[in-house]
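Q: Got target_26.cif for you, mmCIF, C-alpha atoms and all ligand atoms:
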data_my_file
#
loop_
_atom_site.label_atom_id
_atom_site.label_comp_id
_atom_site.auth_asym_id
_atom_site.auth_seq_id
_atom_site.Cartn_x
_atom_site.Cartn_y
_atom_site.Cartn_z
CA MET G 1 4.26 2.42 -41.12
CA SER G 2 5.25 0.16 -38.29
CA ALA G 3 5.46 3.04 -35.88
CA THR G 4 2.85 1.54 -33.62
CA GLU G 5 4.66 -1.79 -33.54
CA ARG G 6 8.02 -0.50 -32.50
CA LYS G 7 9.36 -1.35 -29.12
CA ILE G 8 11.95 0.38 -27.08
CA ALA G 9 14.88 -1.84 -26.25
CA ARG G 10 17.98 -1.31 -24.25
CA CYS G 11 20.90 -0.63 -26.51
CA VAL G 12 22.85 -3.87 -26.91
CA SER G 13 26.01 -1.99 -27.69
CA CYS G 14 26.34 0.17 -24.60
CA ASP G 15 23.87 -1.70 -22.35
CA GLY G 16 21.83 1.40 -21.70
CA PHE G 17 24.65 3.69 -20.71
CA GLY G 18 24.63 5.70 -23.92
CA TRP G 19 28.36 6.18 -23.96
CA PHE G 20 31.64 4.41 -23.65
CA GLU G 21 34.67 5.33 -21.70
CA ASP G 22 37.92 4.78 -23.46
CA GLU G 23 40.06 2.56 -21.24
CA PHE G 24 43.25 4.24 -22.29
CA SER G 25 42.42 7.90 -22.70
CA GLY G 26 39.62 7.97 -20.14
CA GLU G 27 37.53 9.99 -22.55
CA ALA G 28 33.85 9.29 -22.98
CA GLU G 29 32.26 8.87 -26.36
CA ASP G 30 28.63 8.65 -27.27
CA CYS G 31 27.46 5.27 -28.40
CA ASP G 32 26.91 5.24 -32.18
CA TRP G 33 24.31 2.52 -32.02
CA CYS G 34 21.77 4.48 -29.98
CA ALA G 35 23.08 8.02 -30.59
CA GLY G 36 23.82 8.35 -26.91
CA ALA G 37 20.30 7.67 -25.69
CA GLY G 38 21.01 4.24 -24.24
CA TYR G 39 17.84 2.90 -25.84
CA VAL G 40 16.76 2.14 -29.38
CA PHE G 41 13.62 1.41 -31.31
CA ARG G 42 13.39 -2.26 -32.22
CA ASP G 43 11.13 -3.10 -35.13
CA GLU G 44 9.27 -6.33 -35.80
CA SER G 45 12.20 -7.88 -37.60
CA GLY G 46 14.44 -7.19 -34.63
CA ARG G 47 16.40 -4.36 -36.17
CA ASP G 48 17.49 -1.58 -33.88
CA LYS G 49 17.44 2.08 -34.78
CA PRO G 50 18.39 5.11 -32.74
CA ILE G 51 15.44 6.97 -31.27
CA PRO G 52 15.16 10.26 -33.15
CA LYS G 53 15.51 13.29 -30.90
CA ARG G 54 12.11 14.54 -31.95
CA ASP G 55 10.59 11.33 -30.57
CA TYR G 56 12.12 11.63 -27.13
CA ALA G 57 9.17 13.55 -25.75
CA ALA G 58 6.73 10.92 -26.97
CA VAL G 59 8.65 8.09 -25.33
CA ALA G 60 9.96 9.95 -22.31
CA ALA G 61 7.80 8.12 -19.79
CA GLU G 62 8.73 4.76 -21.22
CA LEU G 63 12.40 5.61 -21.29
CA GLU G 64 12.24 6.72 -17.71
CA GLN G 65 10.59 3.47 -16.68
CA LEU G 66 13.26 1.47 -18.49
CA GLU G 67 15.93 3.53 -16.84
CA VAL G 68 14.44 2.87 -13.42
CA GLU G 69 14.51 -0.85 -14.14
CA ARG G 70 18.08 -0.68 -15.37
CA LEU G 71 19.25 1.22 -12.31
CA ARG G 72 17.45 -1.23 -10.02
CA GLU G 73 19.28 -4.07 -11.75
CA MET G 74 22.49 -2.34 -10.85
CA GLY G 75 21.32 -1.94 -7.29
CA TYR G 76 20.69 1.75 -7.44
CA GLN G 77 17.71 2.80 -5.38
CA GLY G 78 17.45 6.44 -6.28
CA GLU G 79 15.69 8.33 -8.96
CA ALA G 80 16.15 7.63 -12.63
CA ARG G 81 17.87 10.05 -14.89
CA LYS G 82 15.34 12.23 -16.57
CA PRO G 83 15.22 12.03 -20.34
CA TRP G 84 16.11 15.68 -20.68
CA ARG G 85 19.29 14.97 -18.87
CA GLN G 86 20.36 12.71 -21.65
CA ALA G 87 20.67 15.68 -23.96
CA ILE G 88 22.77 17.46 -21.38
CA ARG G 89 24.83 14.34 -21.00
CA LYS G 90 25.87 14.65 -24.63
CA ASP G 91 27.60 17.90 -23.86
CA THR G 92 29.20 16.91 -20.62
CA HIS G 93 30.04 13.40 -21.81
CA LEU G 94 30.55 11.90 -18.41
CA GLY G 95 26.92 11.74 -17.47
CA ARG G 96 27.30 10.49 -13.96
CA ASN G 97 24.29 11.11 -11.81
CA PRO G 98 25.29 14.04 -9.63
CA TYR G 99 23.10 12.69 -6.82
CA CYS G 100 24.83 9.35 -6.65
CA ARG G 101 27.41 10.38 -4.14
CA ASP G 102 25.13 11.74 -1.46
CA ALA G 103 22.07 9.67 -2.25
CA ASP G 104 22.08 7.83 1.07
CA SER G 105 19.59 10.11 2.74
ZN ZN G 201 24.14 2.54 -27.15
#
Go ahead and express the file in the form of structure tokens.

A:
Amino acid sequence: MSATERKIARCVSCDGFGWFEDEFSGEAEDCDWCAGAGYVFRDESGRDKPIPKRDYAAVAAELEQLEVERLREMGYQGEARKPWRQAIRKDTHLGRNPYCRDADS
């Protein structure tokens, strides 16, 4: 119905990370609010919903752009995480960018 009106917003719960790290146990957990994607669909009334997995492909370019912006905000100059990596991240939990460490080329 309002599918064309939906916007993608950064998840307010995890601030785009898609997961939380437990301060005490050190274990990572996927964010419930965005189902681990880091971004949600926001409808006209301002309600957020997780982006369904089947919609990832349709919004992949937009997600990637948002991720680039988010990483720039944090001062990261490298390449954004690809959307397909977010699925992998669910399995590995700690979805640190493996290129972060030697990205100063
Ligand atoms: Zn979230």

Q: As a quick test: using all atoms listed in the file, which residues lie no more than 10 Å away from ligand ZN 201 (chain G)? Give them as a list in words.

A: Arg10, Cys11, Val12, Ser13, Cys14, Asp15, Gly16, Phe17, Gly18, Trp19, Phe20, Asp30, Cys31, Asp32, Trp33, Cys34, Ala35, Gly36, Ala37, Gly38, Tyr39, Val40 and Pro50 of chain G

Q: In Å, with one decimal, what is the gap from atom CA of Pro52 of chain G to atom CA of Ile8 of chain G?

A: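 Rounded to one decimal, the two atoms are 12.0 Å apart.
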
Q: In Å, rounded to a single decimal, give me how far atom CA of Glu29 of chain G is from atom CA of Arg54 of chain G.

A: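 A separation of 21.7 Å between them.
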
Q: Find the residues around Lys7 of chain G up to 12 Å (only C-alpha atoms counted), leave out those fewer than 4 positions away in its own chain, and share them as a PyMOL selection string.

A: chain G and resi 2-3+11+39-51+59+62-63+66

Q: So how many Å separate atom CA of Ala9 of chain G and atom CA of Glu27 of chain G, to one decimal?

A: 25.8 Å
